[in-house]
file protein.pdb (PDB, C-alpha atoms)
ATOM      1  CA  MET A1115     135.825  96.642  66.341
ATOM      2  CA  GLN A1116     132.759  95.228  68.045
ATOM      3  CA  LYS A1117     132.998  93.162  71.216
ATOM      4  CA  PHE A1118     130.322  91.427  73.259
ATOM      5  CA  LEU A1119     129.801  89.541  76.487
ATOM      6  CA  SER A1120     127.765  86.375  76.094
ATOM      7  CA  ILE A1121     125.686  86.106  79.249
ATOM      8  CA  PRO A1122     123.646  83.043  80.203
ATOM      9  CA  VAL A1123     120.083  84.064  81.022
ATOM     10  CA  THR A1124     117.843  81.663  82.888
ATOM     11  CA  GLY A1125     115.439  80.050  80.422
ATOM     12  CA  GLU A1126     116.750  82.057  77.480
ATOM     13  CA  GLN A1127     120.110  80.431  76.714
ATOM     14  CA  ASN A1128     122.800  83.078  76.115
ATOM     15  CA  GLN A1129     122.332  86.713  75.147
ATOM     16  CA  ILE A1130     125.120  88.990  73.939
ATOM     17  CA  VAL A1131     125.627  92.455  75.401
ATOM     18  CA  SER A1132     127.791  95.108  73.755
ATOM     19  CA  CYS A1133     131.092  96.143  75.289
ATOM     20  CA  ASN A1134     131.527  99.158  73.034
ATOM     21  CA  ASP A1135     131.046 102.724  74.221
ATOM     22  CA  ILE A1136     130.483 101.725  77.851
ATOM     23  CA  LYS A1137     130.851 104.708  80.161
ATOM     24  CA  LEU A1138     130.180 103.127  83.545
ATOM     25  CA  ILE A1139     129.017  99.906  85.142
ATOM     26  CA  GLU A1140     127.170 100.278  88.412
ATOM     27  CA  VAL A1141     125.173  98.290  90.930
ATOM     28  CA  GLY A1142     121.451  98.965  90.872
ATOM     29  CA  ASP A1143     118.848  99.432  88.186
ATOM     30  CA  GLY A1144     119.810 102.883  86.994
ATOM     31  CA  ALA A1145     117.252 104.763  89.052
ATOM     32  CA  SER A1146     118.327 107.749  91.116
ATOM     33  CA  PRO A1147     118.710 107.191  94.000
ATOM     34  CA  VAL A1148     119.951 103.680  93.332
ATOM     35  CA  ALA A1149     117.259 101.026  93.618
ATOM     36  CA  ASN A1150     117.491  97.232  93.757
ATOM     37  CA  PRO A1151     121.243  97.290  94.420
ATOM     38  CA  THR A1152     121.467  93.594  95.290
ATOM     39  CA  THR A1153     119.531  92.214  92.312
ATOM     40  CA  THR A1154     120.438  94.470  89.389
ATOM     41  CA  THR A1155     123.562  95.710  87.639
ATOM     42  CA  THR A1156     123.440  98.420  84.997
ATOM     43  CA  ILE A1157     125.779  99.088  82.081
ATOM     44  CA  TYR A1158     125.665 102.714  80.929
ATOM     45  CA  TYR A1159     126.552 103.582  77.337
ATOM     46  CA  GLY A1160     127.226 106.827  75.571
ATOM     47  CA  GLY A1161     124.118 108.608  74.391
ATOM     48  CA  GLY A1162     122.165 107.710  77.502
ATOM     49  CA  LYS A1163     121.414 104.077  76.692
ATOM     50  CA  LYS A1164     121.635 101.575  79.503
ATOM     51  CA  VAL A1165     121.360  97.816  79.781
ATOM     52  CA  THR A1166     120.192  96.389  83.083
ATOM     53  CA  LEU A1167     120.897  92.841  84.173
ATOM     54  CA  THR A1168     118.524  91.338  86.720
ATOM     55  CA  HIS A1169     120.149  88.605  88.760
ATOM     56  CA  ALA A1170     119.927  86.547  91.922
ATOM     57  CA  ALA A1171     120.646  88.626  94.990
ATOM     58  CA  VAL A1172     124.195  89.368  96.072
ATOM     59  CA  ALA A1173     124.936  90.271  99.678
ATOM     60  CA  SER A1174     124.063  93.787 100.759
ATOM     61  CA  GLY A1175     126.894  96.117  99.792
ATOM     62  CA  SER A1176     128.474  93.560  97.488
ATOM     63  CA  GLU A1177     129.786  94.701  94.135
ATOM     64  CA  ASP A1178     130.614  91.188  92.955
ATOM     65  CA  MET A1179     128.367  91.240  89.898
ATOM     66  CA  ARG A1180     129.563  94.683  88.851
ATOM     67  CA  ASP A1181     133.165  93.583  89.241
ATOM     68  CA  ALA A1182     132.581  90.412  87.232
ATOM     69  CA  ILE A1183     131.065  92.404  84.376
ATOM     70  CA  GLN A1184     133.910  94.930  84.546
ATOM     71  CA  ASN A1185     136.465  92.136  84.389
ATOM     72  CA  GLY A1186     134.661  90.586  81.429
ATOM     73  CA  VAL A1187     134.611  93.873  79.548
ATOM     74  CA  VAL A1188     138.333  94.403  80.039
ATOM     75  CA  GLN A1189     139.084  90.812  79.053
ATOM     76  CA  VAL A1190     137.112  90.841  75.808
ATOM     77  CA  LEU A1191     138.456  94.222  74.741
ATOM     78  CA  LYS A1192     142.040  93.027  75.005
ATOM     79  CA  GLN A1193     141.359  89.918  72.907
ATOM     80  CA  GLN A1194     142.308  89.964  69.255
ATOM     81  CA  TRP A1195     139.704  91.414  66.928
ATOM     82  CA  THR A1196     138.536  88.039  65.629
ATOM     83  CA  GLU A1197     137.486  87.013  69.166
ATOM     84  CA  VAL A1198     134.309  88.992  69.263
ATOM     85  CA  ILE A1199     132.585  87.293  72.181
ATOM     86  CA  LEU A1200     133.602  86.422  75.729
ATOM     87  CA  GLN A1201     131.544  83.691  77.365
ATOM     88  CA  MET A1202     130.518  84.757  80.871
ATOM     89  CA  GLY A1203     130.007  81.283  82.214
ATOM     90  CA  SER A1204     131.081  81.901  85.779
ATOM     91  CA  LEU A1205     129.168  84.936  86.971
ATOM     92  CA  PRO A1206     128.746  85.118  90.760
ATOM     93  CA  LYS A1207     124.949  85.017  90.416
ATOM     94  CA  ALA A1208     122.547  83.749  87.778
ATOM     95  CA  VAL A1209     121.091  86.362  85.449
ATOM     96  CA  SER A1210     117.336  86.113  84.962
ATOM     97  CA  GLY A1211     116.762  88.989  82.573
ATOM     98  CA  ILE A1212     118.403  91.652  80.408
ATOM     99  CA  ALA A1213     116.635  94.862  79.457
ATOM    100  CA  ILE A1214     117.585  98.000  77.558
ATOM    101  CA  ALA A1215     116.362 101.541  78.121
TER     102      ALA A1215
ATOM    103  CA  MET B1036     139.791 101.448  70.896
ATOM    104  CA  GLU B1037     138.183 101.435  74.300
ATOM    105  CA  LYS B1038     140.114 102.647  77.333
ATOM    106  CA  PHE B1039     139.049 102.708  80.962
ATOM    107  CA  LEU B1040     140.286 104.391  84.102
ATOM    108  CA  ASN B1041     140.350 101.987  87.045
ATOM    109  CA  ILE B1042     139.553 104.239  89.983
ATOM    110  CA  PRO B1043     139.653 103.128  93.624
ATOM    111  CA  VAL B1044     136.445 104.131  95.396
ATOM    112  CA  PHE B1045     136.694 104.101  99.168
ATOM    113  CA  ASN B1046     134.000 101.914 100.651
ATOM    114  CA  LEU B1047     130.952 103.286 102.395
ATOM    115  CA  ILE B1048     130.875 102.037 105.986
ATOM    116  CA  MET B1049     127.640 103.604 107.187
ATOM    117  CA  ASN B1050     125.444 106.657 106.917
ATOM    118  CA  GLY B1051     123.094 108.401 109.265
ATOM    119  CA  THR B1052     121.869 111.677 110.686
ATOM    120  CA  SER B1053     123.667 113.415 113.503
ATOM    121  CA  VAL B1054     122.169 114.044 116.918
ATOM    122  CA  THR B1055     123.259 116.725 119.393
ATOM    123  CA  PRO B1056     126.956 116.071 120.127
ATOM    124  CA  VAL B1057     127.762 114.748 123.563
ATOM    125  CA  GLY B1058     130.660 116.139 125.594
ATOM    126  CA  SER B1059     133.835 116.548 123.563
ATOM    127  CA  ALA B1060     132.433 114.632 120.584
ATOM    128  CA  ASP B1061     132.277 116.273 117.168
ATOM    129  CA  LEU B1062     129.805 113.727 115.776
ATOM    130  CA  THR B1063     127.279 111.778 117.774
ATOM    131  CA  ASP B1064     124.716 109.188 116.764
ATOM    132  CA  THR B1065     122.940 106.414 118.621
ATOM    133  CA  GLY B1066     122.732 102.627 118.428
ATOM    134  CA  ASP B1067     126.461 101.848 118.345
ATOM    135  CA  VAL B1068     126.501 102.792 114.662
ATOM    136  CA  PHE B1069     130.204 103.673 114.743
ATOM    137  CA  ALA B1070     131.249 100.133 115.683
ATOM    138  CA  ASN B1071     133.009  99.616 112.335
ATOM    139  CA  VAL B1072     134.475 103.115 112.097
ATOM    140  CA  SER B1073     138.216 103.649 112.535
ATOM    141  CA  VAL B1074     140.586 106.569 112.970
ATOM    142  CA  GLY B1075     141.403 108.000 109.549
ATOM    143  CA  ASP B1076     138.040 107.193 108.008
ATOM    144  CA  ILE B1077     136.361 109.898 105.925
ATOM    145  CA  VAL B1078     133.237 111.700 107.132
ATOM    146  CA  HIS B1079     131.172 113.509 104.509
ATOM    147  CA  GLN B1080     128.587 115.779 106.099
ATOM    148  CA  SER B1081     126.410 115.998 103.038
ATOM    149  CA  THR B1082     123.865 118.529 104.249
ATOM    150  CA  ASP B1083     126.462 121.297 103.981
ATOM    151  CA  ASN B1084     128.967 119.331 101.875
ATOM    152  CA  GLU B1085     131.781 119.367 104.419
ATOM    153  CA  TYR B1086     134.534 116.787 104.852
ATOM    154  CA  PHE B1087     136.352 115.487 107.934
ATOM    155  CA  LEU B1088     138.666 112.709 109.021
ATOM    156  CA  VAL B1089     137.953 110.664 112.121
ATOM    157  CA  ALA B1090     140.529 111.834 114.680
ATOM    158  CA  SER B1091     139.469 109.506 117.483
ATOM    159  CA  LYS B1092     136.668 107.196 118.453
ATOM    160  CA  ILE B1093     135.428 107.996 121.943
ATOM    161  CA  ASP B1094     132.994 105.089 121.781
ATOM    162  CA  ASN B1095     130.646 103.512 119.257
ATOM    163  CA  ASN B1096     128.337 106.545 119.353
ATOM    164  CA  ASN B1097     130.824 109.427 119.540
ATOM    165  CA  LEU B1098     133.686 110.579 117.307
ATOM    166  CA  THR B1099     136.094 113.466 117.257
ATOM    167  CA  LEU B1100     136.883 114.886 113.837
ATOM    168  CA  THR B1101     139.487 116.888 111.943
ATOM    169  CA  ALA B1102     138.080 119.175 109.271
ATOM    170  CA  LEU B1103     139.503 118.783 105.762
ATOM    171  CA  ASP B1104     137.958 121.878 104.237
ATOM    172  CA  GLY B1105     137.212 124.270 107.019
ATOM    173  CA  GLY B1106     134.036 122.471 107.943
ATOM    174  CA  THR B1107     132.219 123.224 111.168
ATOM    175  CA  ALA B1108     132.789 120.880 114.092
ATOM    176  CA  PRO B1109     131.070 119.766 116.181
ATOM    177  CA  ILE B1110     128.407 118.701 113.715
ATOM    178  CA  VAL B1111     125.085 119.834 115.101
ATOM    179  CA  SER B1112     121.925 117.766 115.216
ATOM    180  CA  GLY B1113     120.071 116.940 112.017
ATOM    181  CA  LYS B1114     122.941 116.768 109.534
ATOM    182  CA  ALA B1115     123.126 113.848 107.107
ATOM    183  CA  PHE B1116     126.508 112.167 107.034
ATOM    184  CA  PHE B1117     128.290 109.323 105.278
ATOM    185  CA  ILE B1118     131.402 107.590 106.596
ATOM    186  CA  HIS B1119     133.800 105.968 104.146
ATOM    187  CA  SER B1120     136.797 103.815 104.872
ATOM    188  CA  GLY B1121     140.098 105.644 104.740
ATOM    189  CA  THR B1122     141.926 102.495 103.739
ATOM    190  CA  VAL B1123     139.637  99.987 102.007
ATOM    191  CA  SER B1124     138.578 100.605  98.437
ATOM    192  CA  ASN B1125     137.069  98.748  95.511
ATOM    193  CA  SER B1126     137.952  99.771  91.997
ATOM    194  CA  GLN B1127     135.415 100.917  89.448
ATOM    195  CA  LEU B1128     135.958 101.388  85.732
ATOM    196  CA  VAL B1129     135.208 104.759  84.179
ATOM    197  CA  SER B1130     135.425 105.239  80.434
ATOM    198  CA  GLY B1131     138.336 107.214  79.068
ATOM    199  CA  SER B1132     136.869 107.072  75.566
ATOM    200  CA  GLY B1133     134.884 109.794  73.864
ATOM    201  CA  VAL B1134     135.808 112.337  76.507
ATOM    202  CA  LEU B1135     135.116 115.948  75.571
ATOM    203  CA  LEU B1136     136.143 117.676  78.773
ATOM    204  CA  VAL B1137     137.333 116.939  82.290
ATOM    205  CA  GLU B1138     136.525 119.650  84.770
ATOM    206  CA  GLN B1139     137.189 120.341  88.445
ATOM    207  CA  ALA B1140     133.590 121.303  89.037
ATOM    208  CA  SER B1141     134.059 122.039  92.728
ATOM    209  CA  THR B1142     136.633 121.397  95.410
ATOM    210  CA  SER B1143     135.173 117.918  95.899
ATOM    211  CA  THR B1144     133.906 116.916  92.452
ATOM    212  CA  VAL B1145     135.369 116.281  89.027
ATOM    213  CA  THR B1146     133.092 115.843  86.026
ATOM    214  CA  ILE B1147     133.921 113.930  82.881
ATOM    215  CA  THR B1148     131.752 114.981  79.962
ATOM    216  CA  TYR B1149     131.496 112.685  76.957
ATOM    217  CA  GLU B1150     130.448 113.293  73.408
ATOM    218  CA  GLY B1151     126.739 112.759  73.002
ATOM    219  CA  ALA B1152     123.902 115.040  73.874
ATOM    220  CA  ALA B1153     122.255 112.961  76.596
ATOM    221  CA  ALA B1154     122.265 114.248  80.127
ATOM    222  CA  ALA B1155     123.619 110.852  81.086
ATOM    223  CA  ASP B1156     126.847 111.541  79.235
ATOM    224  CA  VAL B1157     128.436 113.101  82.317
ATOM    225  CA  ILE B1158     130.197 111.170  85.067
ATOM    226  CA  THR B1159     130.868 112.815  88.413
ATOM    227  CA  LEU B1160     133.641 111.727  90.735
ATOM    228  CA  THR B1161     133.148 112.828  94.332
ATOM    229  CA  HIS B1162     136.357 113.023  96.319
ATOM    230  CA  THR B1163     137.865 114.454  99.464
ATOM    231  CA  PRO B1164     138.382 118.161  98.885
ATOM    232  CA  VAL B1165     141.268 119.875  97.177
ATOM    233  CA  ALA B1166     142.295 123.361  98.225
ATOM    234  CA  SER B1167     140.252 126.208  96.850
ATOM    235  CA  GLY B1168     141.429 126.961  93.315
ATOM    236  CA  SER B1169     143.286 123.688  92.964
ATOM    237  CA  GLU B1170     142.518 121.414  90.044
ATOM    238  CA  ALA B1171     144.712 118.587  91.253
ATOM    239  CA  VAL B1172     142.253 115.731  90.819
ATOM    240  CA  ARG B1173     141.175 116.967  87.388
ATOM    241  CA  ASP B1174     144.824 117.019  86.333
ATOM    242  CA  LEU B1175     145.381 113.450  87.545
ATOM    243  CA  ILE B1176     142.352 112.224  85.601
ATOM    244  CA  GLU B1177     143.503 114.046  82.476
ATOM    245  CA  GLU B1178     146.990 112.582  82.783
ATOM    246  CA  SER B1179     145.534 109.096  83.171
ATOM    247  CA  ILE B1180     143.445 109.451  80.032
ATOM    248  CA  VAL B1181     146.514 110.507  78.083
ATOM    249  CA  LYS B1182     148.571 107.628  79.500
ATOM    250  CA  GLY B1183     145.810 105.222  78.599
ATOM    251  CA  TYR B1184     145.731 106.305  74.990
ATOM    252  CA  SER B1185     149.495 106.286  74.655
ATOM    253  CA  SER B1186     149.700 102.656  75.754
ATOM    254  CA  SER B1187     149.135  99.469  73.775
ATOM    255  CA  TRP B1188     145.579  98.755  72.651
ATOM    256  CA  THR B1189     145.620  95.614  74.787
ATOM    257  CA  ASP B1190     146.095  97.732  77.923
ATOM    258  CA  VAL B1191     142.421  98.434  78.337
ATOM    259  CA  SER B1192     142.277  99.288  82.046
ATOM    260  CA  HIS B1193     144.565 101.855  83.637
ATOM    261  CA  ASP B1194     144.955 102.162  87.385
ATOM    262  CA  VAL B1195     144.425 105.691  88.611
ATOM    263  CA  SER B1196     145.612 107.133  91.880
ATOM    264  CA  THR B1197     144.069 110.419  92.985
ATOM    265  CA  LEU B1198     146.031 110.419  96.246
ATOM    266  CA  PRO B1199     146.240 112.283  98.495
ATOM    267  CA  ASN B1200     142.601 112.853  97.567
ATOM    268  CA  LYS B1201     140.295 109.865  97.785
ATOM    269  CA  VAL B1202     137.295 109.185  95.584
ATOM    270  CA  ILE B1203     134.232 108.224  97.641
ATOM    271  CA  GLY B1204     131.597 108.032  94.932
ATOM    272  CA  ILE B1205     131.043 107.832  91.189
ATOM    273  CA  SER B1206     127.734 108.694  89.554
ATOM    274  CA  ILE B1207     126.428 109.171  86.035
ATOM    275  CA  GLY B1208     123.885 111.560  84.616
TER     276      GLY B1208
END
call {"tool": "encode", "arguments": {"input": "protein.pdb", "output": "structure tokens"}}
result
Amino acid sequence: MQKFLSIPVTGEQNQIVSCNDIKLIEVGDGASPVANPTTTTTIYYGGGKKVTLTHAAVASGSEDMRDAIQNGVVQVLKQQWTEVILQMGSLPKAVSGIAIA
Amino acid sequence: MEKFLNIPVFNLIMNGTSVTPVGSADLTDTGDVFANVSVGDIVHQSTDNEYFLVASKIDNNNLTLTALDGGTAPIVSGKAFFIHSGTVSNSQLVSGSGVLLVEQASTSTVTITYEGAAAADVITLTHTPVASGSEAVRDLIEESIVKGYSSSWTDVSHDVSTLPNKVIGISIG
């Protein structure tokens, strides 16, 4: 049962991001130690894949973007199986890019 | 069917490096860096991996501490430390799916290893210490995974309490 978040990306309309096999969602760009904690949020998947969202800056120490993504993941996973996508229209900050590594 | 553990992580207030303790203080720093620190907050002296609670705040540069794991107080100069709130937390989701093994890796860490060969398929929870030989936090995580999978598929997120131990950090890889 596949589920996705549909995330508006500046200048790119909406892009869908998988909500399956997520292990952790964390502030920062996935580097160790954490880098760019105010402007990136990373979704870690099984197998070592990660998707990093680049977004407008949150306040220092804020986890608002991480929490919004977490809430979206939980919401879409509890929807019935025919509702594959959750529109993330009200994120705290605008997303400017999505990358996978 | 995806399941998540919703784990409260106690907020980082500040971090720094200790200077030579002054008077009766167990931890001293400069610049009024303890202004937002309160009695009961958690001190992690990371250089030697020792844990304390704030017993009293002498002033904004000096604290007295109570050791949680036999740690050495006063904390001498040059030790890195992190202070976390003892009361304020923000919850973080950790996958309960595809778990191969949960292990009490040390008195202050629990690892969750997932299927998949990547080094990133391990999540580490760092928490205030359990007694030597105890696996209390591991057991709570295991119980939460089982509860999660025995609930309805629409119950995706399951609140976890590791009290009396408090999680202060979650990392992956």
call {"tool": "interface_residues", "arguments": {"input": "protein.pdb", "of": "chain A", "to": "chain B", "cutoff": "9 Å", "atoms": "all atoms listed in the file", "output": "VMD selection string"}}
result
chain A and resid 1115 1133 to 1140 1158 to 1163 1175 1177 1180 to 1181 1184 1188 to 1189 1191 to 1194
call {"tool": "resolve_selection", "arguments": {"input": "protein.pdb", "expression": "the PyMOL selection byres ((chain A and resi 1128) around 12)", "output": "list in words"}}
result
Phe1118, Leu1119, Ser1120, Ile1121, Pro1122, Val1123, Thr1124, Gly1125, Glu1126, Gln1127, Gln1129, Ile1130, Val1131, Ile1199, Leu1200, Gln1201, Met1202, Gly1203, Ala1208, Val1209, Ser1210, Gly1211 and Ile1212 of chain A
call {"tool": "resolve_selection", "arguments": {"input": "protein.pdb", "expression": "the PyMOL selection byres ((chain B and resi 1202) around 6)", "output": "list of chain:residue names"}}
result
B:Val1044, B:Thr1161, B:His1162, B:Lys1201, B:Ile1203, B:Gly1204
call {"tool": "resolve_selection", "arguments": {"input": "protein.pdb", "expression": "the PyMOL selection byres ((chain A and resi 1168) around 12)", "output": "short mmCIF file (atom, residue, chain, number, x, y, z; two decimals) with C-alpha atoms, in the frame of the given file"}}
result
data_model
loop_
_atom_site.label_atom_id
_atom_site.label_comp_id
_atom_site.auth_asym_id
_atom_site.auth_seq_id
_atom_site.Cartn_x
_atom_site.Cartn_y
_atom_site.Cartn_z
CA ILE A 1121 125.69 86.11 79.25
CA PRO A 1122 123.65 83.04 80.20
CA VAL A 1123 120.08 84.06 81.02
CA THR A 1124 117.84 81.66 82.89
CA VAL A 1141 125.17 98.29 90.93
CA GLY A 1142 121.45 98.96 90.87
CA ASP A 1143 118.85 99.43 88.19
CA GLY A 1144 119.81 102.88 86.99
CA ALA A 1149 117.26 101.03 93.62
CA ASN A 1150 117.49 97.23 93.76
CA PRO A 1151 121.24 97.29 94.42
CA THR A 1152 121.47 93.59 95.29
CA THR A 1153 119.53 92.21 92.31
CA THR A 1154 120.44 94.47 89.39
CA THR A 1155 123.56 95.71 87.64
CA THR A 1156 123.44 98.42 85.00
CA ILE A 1157 125.78 99.09 82.08
CA VAL A 1165 121.36 97.82 79.78
CA THR A 1166 120.19 96.39 83.08
CA LEU A 1167 120.90 92.84 84.17
CA HIS A 1169 120.15 88.60 88.76
CA ALA A 1170 119.93 86.55 91.92
CA ALA A 1171 120.65 88.63 94.99
CA VAL A 1172 124.20 89.37 96.07
CA MET A 1179 128.37 91.24 89.90
CA ARG A 1180 129.56 94.68 88.85
CA LYS A 1207 124.95 85.02 90.42
CA ALA A 1208 122.55 83.75 87.78
CA VAL A 1209 121.09 86.36 85.45
CA SER A 1210 117.34 86.11 84.96
CA GLY A 1211 116.76 88.99 82.57
CA ILE A 1212 118.40 91.65 80.41
CA ALA A 1213 116.64 94.86 79.46
CA ILE A 1214 117.58 98.00 77.56
#
call {"tool": "atom_distance", "arguments": {"input": "protein.pdb", "atom1": "CA of Ser1179 in chain B", "atom2": "CA of Ser1167 in chain B"}}
result
22.5 Å
call {"tool": "atom_distance", "arguments": {"input": "protein.pdb", "atom1": "CA of Phe1069 in chain B", "atom2": "CA of Val1165 in chain B"}}
result
26.3 Å
call {"tool": "atom_distance", "arguments": {"input": "protein.pdb", "atom1": "CA of Leu1088 in chain B", "atom2": "CA of Leu1103 in chain B"}}
result
6.9 Å
call {"tool": "closest_residue", "arguments": {"input": "protein.pdb", "among": "B:Thr1101, B:Ser1120, B:Ser1169, B:Thr1055", "to": "Ser1143 in chain B", "atoms": "all atoms listed in the file"}}
result
B:Ser1169
call {"tool": "axis_aligned_box", "arguments": {"input": "protein.pdb", "around": "range 1160-1178 of chain B", "padding_each_side": "3 Å", "output": "AutoDock Vina command-line options"}}
result
--center_x 140.1 --center_y 119.3 --center_z 91.0 --size_x 19.8 --size_y 21.2 --size_z 23.0
call {"tool": "residues_near_point", "arguments": {"input": "protein.pdb", "point": "(119.2, 115.9, 112.5)", "cutoff": "12 Å", "atoms": "only C-alpha atoms", "output": "VMD selection string"}}
result
chain B and resid 1051 to 1056 1062 to 1065 1080 to 1082 1110 to 1116
call {"tool": "residues_around", "arguments": {"input": "protein.pdb", "residues": "Val1145 in chain B", "least_positions_apart": "4", "cutoff": "7 Å", "atoms": "all atoms listed in the file", "output": "list of chain:residue names"}}
result
B:Glu1138, B:Gln1139, B:Ala1140, B:Ser1141, B:Thr1159, B:Leu1160, B:Thr1161, B:Arg1173
